[in-house]
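Trainee: File follows, coords-v1.json with JSON, C-alpha atoms:
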[["chain", "number", "residue", "atom", "x", "y", "z"],
["B", 1, "MET", "CA", 8.96, -10.38, -2.75],
["B", 2, "LYS", "CA", 5.65, -10.25, -4.61],
["B", 3, "ILE", "CA", 4.14, -6.77, -4.60],
["B", 4, "GLY", "CA", 0.66, -5.69, -5.65],
["B", 5, "ILE", "CA", -0.21, -2.24, -6.89],
["B", 6, "ALA", "CA", -3.49, -0.48, -7.64],
["B", 7, "ALA", "CA", -4.62, 3.04, -8.49],
["B", 8, "ASP", "CA", -7.67, 4.93, -9.65],
["B", 9, "HIS", "CA", -7.56, 7.90, -12.02],
["B", 10, "GLY", "CA", -6.07, 10.13, -9.31],
["B", 11, "GLY", "CA", -3.09, 7.83, -8.90],
["B", 12, "PHE", "CA", -2.86, 6.48, -12.44],
["B", 13, "ALA", "CA", 0.19, 8.50, -13.54],
["B", 14, "LEU", "CA", 2.11, 7.88, -10.31],
["B", 15, "LYS", "CA", 1.33, 4.16, -10.50],
["B", 16, "ALA", "CA", 2.94, 4.01, -13.95],
["B", 17, "GLU", "CA", 6.09, 5.67, -12.58],
["B", 18, "ILE", "CA", 6.26, 3.33, -9.59],
["B", 19, "ILE", "CA", 5.73, 0.25, -11.77],
["B", 20, "LYS", "CA", 8.57, 1.35, -14.05],
["B", 21, "TRP", "CA", 10.85, 1.91, -11.06],
["B", 22, "LEU", "CA", 9.93, -1.33, -9.25],
["B", 23, "THR", "CA", 10.41, -3.34, -12.42],
["B", 24, "SER", "CA", 13.87, -1.81, -12.88],
["B", 25, "GLN", "CA", 14.65, -2.96, -9.32],
["B", 26, "GLY", "CA", 13.70, -6.54, -10.20],
["B", 27, "HIS", "CA", 10.51, -6.80, -8.15],
["B", 28, "GLU", "CA", 7.69, -9.15, -9.11],
["B", 29, "LEU", "CA", 4.49, -7.13, -9.52],
["B", 30, "LYS", "CA", 0.80, -7.79, -9.82],
["B", 31, "ASP", "CA", -1.14, -4.85, -11.20],
["B", 32, "PHE", "CA", -4.75, -4.59, -9.99],
["B", 33, "GLY", "CA", -5.59, -1.67, -12.28],
["B", 34, "ALA", "CA", -6.68, 0.76, -13.36],
["B", 35, "TYR", "CA", -5.28, -0.22, -16.73],
["B", 36, "SER", "CA", -6.41, 2.92, -18.53],
["B", 37, "LEU", "CA", -7.13, 6.46, -17.44],
["B", 38, "ASN", "CA", -10.84, 6.89, -16.71],
["B", 39, "GLU", "CA", -11.82, 9.97, -14.70],
["B", 40, "GLY", "CA", -15.04, 8.25, -13.65],
["B", 41, "ASP", "CA", -13.51, 5.18, -12.01],
["B", 42, "ASP", "CA", -13.73, 4.45, -8.27],
["B", 43, "TYR", "CA", -10.77, 3.59, -6.03],
["B", 44, "PRO", "CA", -12.55, 0.72, -4.18],
["B", 45, "ASP", "CA", -12.81, -1.20, -7.47],
["B", 46, "PHE", "CA", -9.01, -1.51, -7.55],
["B", 47, "VAL", "CA", -7.95, -1.20, -3.91],
["B", 48, "ILE", "CA", -10.30, -3.83, -2.47],
["B", 49, "PRO", "CA", -9.07, -6.67, -4.75],
["B", 50, "LEU", "CA", -5.48, -5.68, -3.87],
["B", 51, "ALA", "CA", -6.31, -5.68, -0.16],
["B", 52, "LYS", "CA", -8.03, -9.07, -0.41],
["B", 53, "ALA", "CA", -4.95, -10.53, -2.12],
["B", 54, "ILE", "CA", -2.77, -9.23, 0.72],
["B", 55, "ALA", "CA", -5.13, -10.64, 3.35],
["B", 56, "ALA", "CA", -5.04, -14.02, 1.54],
["B", 57, "ASN", "CA", -1.20, -13.96, 1.62],
["B", 58, "GLU", "CA", -1.03, -14.00, -2.17],
["B", 59, "LEU", "CA", 1.22, -10.92, -1.96],
["B", 60, "THR", "CA", 3.93, -9.84, 0.43],
["B", 61, "LYS", "CA", 3.05, -6.14, 0.39],
["B", 62, "GLY", "CA", 0.91, -3.74, -1.58],
["B", 63, "ILE", "CA", 0.80, -0.16, -2.80],
["B", 64, "ALA", "CA", -2.48, 1.68, -3.34],
["B", 65, "ILE", "CA", -2.70, 5.12, -4.91],
["B", 66, "CYS", "CA", -5.60, 7.51, -5.31],
["B", 67, "GLY", "CA", -5.66, 11.29, -5.58],
["B", 68, "SER", "CA", -4.97, 12.00, -1.91],
["B", 69, "GLY", "CA", -4.28, 8.47, -0.65],
["B", 70, "VAL", "CA", -7.02, 8.88, 1.95],
["B", 71, "GLY", "CA", -9.75, 6.96, 0.11],
["B", 72, "ALA", "CA", -7.38, 4.11, -0.70],
["B", 73, "SER", "CA", -6.41, 3.86, 2.96],
["B", 74, "ILE", "CA", -10.00, 3.88, 4.19],
["B", 75, "ALA", "CA", -11.07, 1.23, 1.68],
["B", 76, "ALA", "CA", -8.08, -1.07, 2.27],
["B", 77, "ASN", "CA", -8.52, -1.03, 6.03],
["B", 78, "LYS", "CA", -12.03, -2.47, 5.66],
["B", 79, "VAL", "CA", -10.44, -5.82, 4.71],
["B", 80, "ALA", "CA", -9.54, -7.95, 7.74],
["B", 81, "GLY", "CA", -5.81, -8.60, 7.94],
["B", 82, "VAL", "CA", -4.83, -5.48, 6.04],
["B", 83, "ARG", "CA", -2.91, -2.75, 7.81],
["B", 84, "ALA", "CA", -2.86, 0.19, 5.43],
["B", 85, "ALA", "CA", -1.71, 3.74, 6.02],
["B", 86, "LEU", "CA", -1.36, 6.92, 4.04],
["B", 87, "ILE", "CA", 2.33, 7.75, 4.13],
["B", 88, "ASN", "CA", 4.01, 11.03, 3.21],
["B", 89, "ASP", "CA", 7.35, 10.76, 5.05],
["B", 90, "GLY", "CA", 10.23, 8.33, 5.27],
["B", 91, "PHE", "CA", 10.08, 7.71, 9.02],
["B", 92, "SER", "CA", 6.47, 6.54, 8.83],
["B", 93, "ALA", "CA", 7.13, 4.36, 5.76],
["B", 94, "ARG", "CA", 9.70, 2.39, 7.74],
["B", 95, "GLN", "CA", 8.23, 2.60, 11.23],
["B", 96, "GLY", "CA", 4.75, 1.62, 10.03],
["B", 97, "VAL", "CA", 6.14, -1.76, 9.01],
["B", 98, "GLU", "CA", 8.57, -2.24, 11.92],
["B", 99, "ASP", "CA", 6.11, -1.40, 14.70],
["B", 100, "ASP", "CA", 2.65, -1.83, 13.19],
["B", 101, "ALA", "CA", 3.18, -4.55, 10.54],
["B", 102, "MET", "CA", 1.82, -2.24, 7.84],
["B", 103, "ASN", "CA", 1.37, -4.34, 4.72],
["B", 104, "LEU", "CA", -0.22, -1.82, 2.37],
["B", 105, "LEU", "CA", 1.31, 1.56, 1.62],
["B", 106, "CYS", "CA", -1.12, 4.25, 0.47],
["B", 107, "LEU", "CA", 0.07, 7.24, -1.51],
["B", 108, "GLY", "CA", -1.54, 10.37, -2.90],
["B", 109, "GLY", "CA", -0.96, 10.68, -6.62],
["B", 110, "ARG", "CA", -1.86, 14.38, -6.48],
["B", 111, "VAL", "CA", 0.18, 14.99, -3.33],
["B", 112, "ILE", "CA", 3.68, 13.62, -3.90],
["B", 113, "GLY", "CA", 5.97, 13.29, -6.87],
["B", 114, "ALA", "CA", 7.57, 10.21, -8.36],
["B", 115, "SER", "CA", 10.98, 10.55, -6.68],
["B", 116, "MET", "CA", 9.42, 10.95, -3.22],
["B", 117, "ALA", "CA", 7.10, 8.02, -3.93],
["B", 118, "GLU", "CA", 10.08, 5.86, -4.92],
["B", 119, "GLU", "CA", 11.86, 6.75, -1.68],
["B", 120, "LEU", "CA", 8.78, 5.89, 0.40],
["B", 121, "VAL", "CA", 8.20, 2.64, -1.46],
["B", 122, "GLN", "CA", 11.83, 1.64, -1.01],
["B", 123, "LEU", "CA", 11.72, 2.26, 2.75],
["B", 124, "PHE", "CA", 8.40, 0.40, 3.01],
["B", 125, "LEU", "CA", 9.68, -2.62, 1.09],
["B", 126, "LYS", "CA", 12.99, -2.86, 2.96],
["B", 127, "ALA", "CA", 11.41, -2.63, 6.41],
["B", 128, "ASN", "CA", 10.51, -5.71, 8.43],
["B", 129, "TYR", "CA", 8.10, -6.12, 11.32],
["B", 130, "SER", "CA", 10.07, -6.24, 14.59],
["B", 131, "GLY", "CA", 7.72, -8.65, 16.39],
["B", 132, "ALA", "CA", 8.52, -6.93, 19.68],
["B", 133, "GLU", "CA", 6.15, -7.96, 22.48],
["B", 134, "ARG", "CA", 4.64, -4.50, 22.87],
["B", 135, "HIS", "CA", 3.91, -4.27, 19.15],
["B", 136, "ALA", "CA", 2.44, -7.78, 19.00],
["B", 137, "ARG", "CA", 0.23, -6.97, 22.00],
["B", 138, "ARG", "CA", -1.06, -3.83, 20.30],
["B", 139, "LEU", "CA", -1.65, -5.57, 16.98],
["B", 140, "LYS", "CA", -3.61, -8.32, 18.72],
["B", 141, "LYS", "CA", -5.93, -5.69, 20.14],
["B", 142, "VAL", "CA", -6.45, -4.33, 16.64],
["B", 143, "SER", "CA", -6.94, -7.75, 15.04],
["B", 144, "ASP", "CA", -9.44, -8.69, 17.76],
["B", 145, "LEU", "CA", -11.66, -5.89, 16.40],
["B", 146, "GLU", "CA", -11.77, -7.68, 13.04],
["B", 147, "LYS", "CA", -13.49, -10.75, 14.52]]
I'd like the structure from this file rewritten - as structure tokens, please.
Mentor:
Amino acid sequence: MKIGIAADHGGFALKAEIIKWLTSQGHELKDFGAYSLNEGDDYPDFVIPLAKAIAANELTKGIAICGSGVGASIAANKVAGVRAALINDGFSARQGVEDDAMNLLCLGGRVIGASMAEELVQLFLKANYSGAERHARRLKKVSDLEK
């Protein structure tokens, strides 16, 4: 599984922790930045390239982190084919993939700690879209809005 990750200054420290953990788990990663801590950077500069790579099927799933996770989620969802959500609990990390084909997990670097982030990332990565008719029907209605 090829995973992309991006963060602005608000998620920079948590991104480093997640990268270390994912690497120890043997995952292949593509880092979209930020590569250094810069309090003046802007989350769209990192999240949008990540989202575009997901939409182009260059990555299996992605993780975007900003201070709250809200901005990353808003930005990522502007890219057609991306289904991003801010996640703070285990049920949603799993269910968002199984029912809604979520392909980009958004986290708040100033909201959750590293161990909770690892748990959410693990649930997100292990989950698979169910493809159930009712979920496919709903996703088609959403994807029709992108046209």
Trainee: Determine the nearest neighbour of B:Gly113 from the options B:Arg83, B:Gly11, B:Ala51, B:Gly131, counting all atoms listed in the file.
Mentor: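 The closest residue to B:Gly113 is B:Gly11.
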Trainee: Atom CA of B:Tyr35 and atom CA of B:Ile63 are how many Å apart?
Mentor: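 So the two atoms, atom CA of B:Tyr35 and atom CA of B:Ile63, lie 15.2 Å apart.
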Trainee: Taking the point (-15.8, -5.8, 11.1) as given in the file, collect each protein or nucleic acid residue that comes within 7 Å of it, counting all atoms listed in the file, and present the set as a ChimeraX atom specification.
Mentor: /B:145-147
Trainee: Mind writing the picked residues with C-alpha atoms as a PDB file, in the coordinates of the input?
Mentor:
ATOM      1  CA  LEU B 145     -11.660  -5.890  16.400  1.00  0.00           C
ATOM      2  CA  GLU B 146     -11.770  -7.680  13.040  1.00  0.00           C
ATOM      3  CA  LYS B 147     -13.490 -10.750  14.520  1.00  0.00           C
TER       4      LYS B 147
END
Trainee: Need to verify the contact set: B:Gly81, 9 Å, all atoms listed in the file, exclusion of same-chain residues closer than 4 positions in sequence. Can you return it as a PyMOL selection string?
Mentor: chain B and resi 51-52+54-56+77+103+143+146
Trainee: Go ahead and compute the interatomic distance for atom CA of B:Thr23 and atom CA of B:Asp45, in Å to one decimal.
Mentor: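 Answer for the atom CA of B:Thr23 to atom CA of B:Asp45 separation: 23.8 Å.
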Trainee: Quick one: everything within 8 Å of stretch 24-28 of chain B, counting all atoms listed in the file, minus sequence neighbours fewer than 3 positions away in the same chain. Send it as a PyMOL selection string.
Mentor: chain B and resi 1-3+20-21
Trainee: Out of B:His135, B:Lys30, B:Arg94, B:Arg110, which residue has the shortest atom-to-atom distance to B:Ser68 when counting all atoms listed in the file?
Mentor: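 The answer is B:Arg110, which sits nearest to B:Ser68.
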Trainee: Would you pick out the contacts of B:Ser36 at 10 Å or less, using all atoms listed in the file, so that residues sharing its chain but fewer than 5 positions from it are not included, and give the list as a VMD selection string?
Mentor: chain B and resid 8 to 9 12 to 13 41
Trainee: Go through B:Ile112, B:Val70, B:Ala117, B:Ile19 one by one, measure the shortest atom-to-atom distance of each to B:Ala85 using all atoms listed in the file, and give the residue with the smallest value.
Mentor: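 Using all atoms listed in the file, B:Ala85 sits closest to B:Val70.
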Trainee: Using all atoms listed in the file, which of the listed residues (B:Cys66, B:Val82, B:Ile48, B:Leu59) sits closest to B:Leu29?
Mentor: B:Leu59
Trainee: Please determine, counting only C-alpha atoms, which residue among B:Ala93, B:Ala101, B:Ala75, B:Ala114 has the shortest atom-to-atom distance to B:Ala136.
Mentor: B:Ala101
Trainee: Report as AutoDock Vina command-line options the centre and the edge lengths, in Å to one decimal, of the axis-aligned box holding every listed atom of stretch 91-108 of chain B, padded by 6 Å on each side.
Mentor:
--center_x 4.3 --center_y 2.9 --center_z 5.9 --size_x 23.6 --size_y 26.9 --size_z 29.6
Trainee: What's the separation between atom CA of B:Glu58 and atom CA of B:Gly4, in Å to one decimal place?
Mentor: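 Separation between atom CA of B:Glu58 and atom CA of B:Gly4: 9.2 Å.
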Trainee: Up to 7 Å from (0.7, 6.6, 0.9) in the file's coordinates: name the residues, counting all atoms listed in the file, as a compact mmCIF listing (two decimals) with C-alpha atoms, in the frame of the given file.
Mentor:
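Saved result, selection-v3.txt, follows:
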# COMPACT_ATOMS: atom_id res chain seq x y z
CA ILE B 65 -2.70 5.12 -4.91
CA GLY B 69 -4.28 8.47 -0.65
CA ALA B 85 -1.71 3.74 6.02
CA LEU B 86 -1.36 6.92 4.04
CA ILE B 87 2.33 7.75 4.13
CA ASN B 88 4.01 11.03 3.21
CA LEU B 105 1.31 1.56 1.62
CA CYS B 106 -1.12 4.25 0.47
CA LEU B 107 0.07 7.24 -1.51
CA GLY B 108 -1.54 10.37 -2.90
Trainee: Please determine, counting all atoms listed in the file, which residue among B:Glu17, B:Val121, B:Ala6, B:Pro49 has the shortest atom-to-atom distance to B:Ala34.
Mentor: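 Once distances to B:Ala34 are computed over all atoms listed in the file, the minimum belongs to B:Ala6.
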